[in-house]
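A.B. asks: Okay, handing you the structure first.
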Amino acid sequence: APDAIVFLCVLPQQAEEMLGELKKGGVWNGEEHTLISLVSTSKVEELIQLTGLPSHNVYKMICLPSIAKREGCALLQPASTNGGGAITNNGNAIMDVKSLLDALGGCVICKDDESMNTLMVTTAMMGPLYGVMRNNREWLVKRGISPQDASYFVGRSYLSMVQDAERQCEQPQRFDDLIEEQTPGGLNEQALGNLDKQNVFDSYDKAMDAVLSRLQGKSDGSLPSSSSGAG
């Protein structure tokens with residue numbers, strides 16, 4: 001494995017110039033250096049050209065801030081291969097990097113730009129989740145609950161829900177099983193059904209489609225307000 005891992009953590013508009021200067025200065029050594037770019041707009045193939053490093057030593061990585069507390073999950077994209085077998089093509093190199101990221105909370109390897117962009121959409125659901133929690137808090141406050149109690153209860157309740165969902169989350173049916181466990185005719189089952197009837201999940205799909213469109217450079221990611229489509 002290479003002796004040094006270099007994490008590129010700069011603004012998108014700074015990346016090309018910085019990497020170019022390092023290459024011009026002869027800093028990169030293919031036997032010693034692995035580059036992992038956290039620049040959201042970076043492309044692995046472009047990073048290889050800008051550094052001159054071997055393809056198996058260059059990666060793109062995306063993560064949420066929680067990884068600093070070893071509670072997040074990183075997305076890791078190696079250089080693509082003709083057959084799409086990036087993991088086997090890079091041999092032990094990518095597994096060394098994956099082991100490092102697994103120790104920080106988890107890692108999913110993306111085979112190409114398309115899968116990376118698609119998975120990145122989930123990271124953009126952090127804001128909506130906080131919005132749901134804020135709305136829950138404000139709903140409680142409007143009904144006489146103190147802001148402190150409301151905030152504390154919402155935060156702790158959602159934490160317990162997410163922790164329950166995280167257990168065995170590598171199993172594709174985990175979330176479905178949790179829904180099936182809800183009491184038939186109970187409050188949770190009814191609340192979920194009511195949200196479905198209000199097309200809440202369709203709205204989530206549209207929001208995620210818009211994020212993906214922005215990541216792909218096809219749009220600015222904006223959606224019209226619900227009222228603008230009326231009439």
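Going by the structure tokens order, chains are called A, B, ..., each with residues numbered from 1, while ligands are numbered from 1 in the order shown.
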Skip Pro65 in chain A itself and residues of its chain fewer than 4 positions away, then list as a ChimeraX atom specification all residues within 12 Å of it, counting only C-alpha atoms.
C.D. replies: /A:38,69-74,104-105,123,126
A.B. asks: Please produce an output containing C-alpha atoms for each residue in the selection, written as a PDB file, in the first residue's frame.
C.D. replies:
ATOM      1  CA  LEU A  38     -13.528  15.197  -1.373  1.00  0.00           C
ATOM      2  CA  LYS A  69     -17.347  11.068  14.831  1.00  0.00           C
ATOM      3  CA  ARG A  70     -17.006   7.667  13.156  1.00  0.00           C
ATOM      4  CA  GLU A  71     -20.769   7.588  12.617  1.00  0.00           C
ATOM      5  CA  GLY A  72     -21.025   8.222   8.906  1.00  0.00           C
ATOM      6  CA  CYS A  73     -20.784   6.227   5.694  1.00  0.00           C
ATOM      7  CA  ALA A  74     -18.482   7.292   2.877  1.00  0.00           C
ATOM      8  CA  LEU A 104     -14.764   5.696  10.225  1.00  0.00           C
ATOM      9  CA  GLY A 105     -18.283   4.322  10.037  1.00  0.00           C
ATOM     10  CA  THR A 123     -26.696  12.744   1.412  1.00  0.00           C
ATOM     11  CA  MET A 126     -30.018  15.437   5.538  1.00  0.00           C
TER      12      MET A 126
END
A.B. asks: Taking a cut-off of 12 Å and counting only C-alpha atoms, can you build a table that, for each residue of range 64-160 of chain A near range 188-208 of chain A, reports the nearest atom pair and how far apart they are in Å (one decimal), sorted by chain then residue number, as CSV?
C.D. replies:
residue,atom,partner,partner_atom,distance
A:Asn117,CA,A:Met208,CA,11.1
A:Thr118,CA,A:Met208,CA,9.1
A:Leu119,CA,A:Met208,CA,10.4
A:Met120,CA,A:Met208,CA,9.9
A:Val121,CA,A:Met208,CA,6.1
A:Thr122,CA,A:Met208,CA,7.8
A:Thr123,CA,A:Met208,CA,10.2
A:Ala124,CA,A:Met208,CA,8.1
A:Met125,CA,A:Met208,CA,8.0
A:Met126,CA,A:Met208,CA,11.7
A:Gly127,CA,A:Ala207,CA,11.6
A:Pro128,CA,A:Tyr204,CA,9.1
A:Leu129,CA,A:Tyr204,CA,11.0
A:Val132,CA,A:Val200,CA,11.8
A.B. asks: For CA of Ile5 in chain A and CA of Ser66 in chain A, determine how far apart the two atoms are, in Å to one decimal place.
C.D. replies: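 Between these atoms lies a distance of 20.6 Å.
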A.B. asks: If you count only C-alpha atoms, which residues fall within 7 Å of Val6 in chain A, apart from same-chain ones fewer than 5 positions away, as a ChimeraX atom specification?
C.D. replies: /A:33-36
A.B. asks: Emit the selected residues as a tab-separated table (two decimals), in the first residue's frame, including N, CA and C atoms.
C.D. replies:
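Full text of again-v1.tsv as output:
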chain	number	residue	atom	x	y	z
A	33	HIS	N	2.15	7.87	-3.02
A	33	HIS	CA	0.97	8.68	-2.76
A	33	HIS	C	-0.32	8.07	-3.30
A	34	THR	N	-1.36	8.19	-2.48
A	34	THR	CA	-2.74	7.92	-2.90
A	34	THR	C	-3.53	9.20	-2.71
A	35	LEU	N	-4.28	9.60	-3.73
A	35	LEU	CA	-5.09	10.82	-3.65
A	35	LEU	C	-6.55	10.45	-3.48
A	36	ILE	N	-7.18	11.06	-2.49
A	36	ILE	CA	-8.62	10.92	-2.28
A	36	ILE	C	-9.23	12.31	-2.30
A.B. asks: Please identify the strand (DSSP E) residues within range 36-219 of chain A (assignment by DSSP from backbone atoms) and present them as a list in words.
C.D. replies: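 Across range 36-219 of chain A, those assigned strand (DSSP E) are Ile36, Ser37, Val58, Tyr59, Lys60, Met61, Ile62, Ala74, Leu75, Leu76, Gln77, Cys107, Val108 and Ile109 of chain A.
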A.B. asks: Please dump the current selection as a compact mmCIF listing (two decimals), in the first residue's frame; keep N, CA, C and O atoms.
C.D. replies:
# COMPACT_ATOMS: atom_id res chain seq x y z
N ILE A 36 -7.18 11.06 -2.49
CA ILE A 36 -8.62 10.92 -2.28
C ILE A 36 -9.23 12.31 -2.30
O ILE A 36 -8.96 13.12 -1.41
N SER A 37 -10.02 12.60 -3.31
CA SER A 37 -10.61 13.92 -3.45
C SER A 37 -12.00 13.97 -2.83
O SER A 37 -12.85 13.14 -3.12
N VAL A 58 -5.97 6.75 -7.21
CA VAL A 58 -6.77 7.97 -7.25
C VAL A 58 -8.25 7.62 -7.02
O VAL A 58 -8.79 6.72 -7.68
N TYR A 59 -8.87 8.37 -6.11
CA TYR A 59 -10.27 8.10 -5.74
C TYR A 59 -11.01 9.41 -5.50
O TYR A 59 -10.43 10.44 -5.18
N LYS A 60 -12.32 9.30 -5.63
CA LYS A 60 -13.21 10.38 -5.21
C LYS A 60 -14.01 9.87 -4.02
O LYS A 60 -14.44 8.71 -4.00
N MET A 61 -14.22 10.73 -3.04
CA MET A 61 -14.93 10.32 -1.83
C MET A 61 -15.95 11.39 -1.45
O MET A 61 -15.71 12.58 -1.58
N ILE A 62 -17.11 10.93 -1.03
CA ILE A 62 -18.16 11.82 -0.55
C ILE A 62 -18.62 11.31 0.81
O ILE A 62 -18.80 10.10 1.00
N ALA A 74 -19.10 6.61 4.01
CA ALA A 74 -18.48 7.29 2.88
C ALA A 74 -18.83 6.60 1.57
O ALA A 74 -19.05 5.39 1.51
N LEU A 75 -18.87 7.39 0.51
CA LEU A 75 -18.95 6.87 -0.85
C LEU A 75 -17.56 6.97 -1.46
O LEU A 75 -16.93 8.03 -1.39
N LEU A 76 -17.08 5.90 -2.04
CA LEU A 76 -15.73 5.86 -2.61
C LEU A 76 -15.79 5.42 -4.06
O LEU A 76 -16.34 4.35 -4.37
N GLN A 77 -15.24 6.24 -4.94
CA GLN A 77 -15.23 5.89 -6.37
C GLN A 77 -13.80 5.77 -6.87
O GLN A 77 -13.03 6.72 -6.86
N CYS A 107 -18.40 2.25 4.36
CA CYS A 107 -18.00 2.66 3.01
C CYS A 107 -18.77 1.87 1.97
O CYS A 107 -18.93 0.65 2.10
N VAL A 108 -19.25 2.56 0.95
CA VAL A 108 -19.87 1.93 -0.21
C VAL A 108 -19.05 2.32 -1.43
O VAL A 108 -18.78 3.50 -1.66
N ILE A 109 -18.62 1.33 -2.19
CA ILE A 109 -17.81 1.58 -3.38
C ILE A 109 -18.71 1.80 -4.59
O ILE A 109 -19.61 1.00 -4.85
A.B. asks: Identify which of the residues A:Asp176, A:Glu166, A:Asp113, A:Asp149 lies closest to Leu215 in chain A, counting only C-alpha atoms when measuring atom-to-atom distances.
C.D. replies: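 Closest candidate: A:Asp113.
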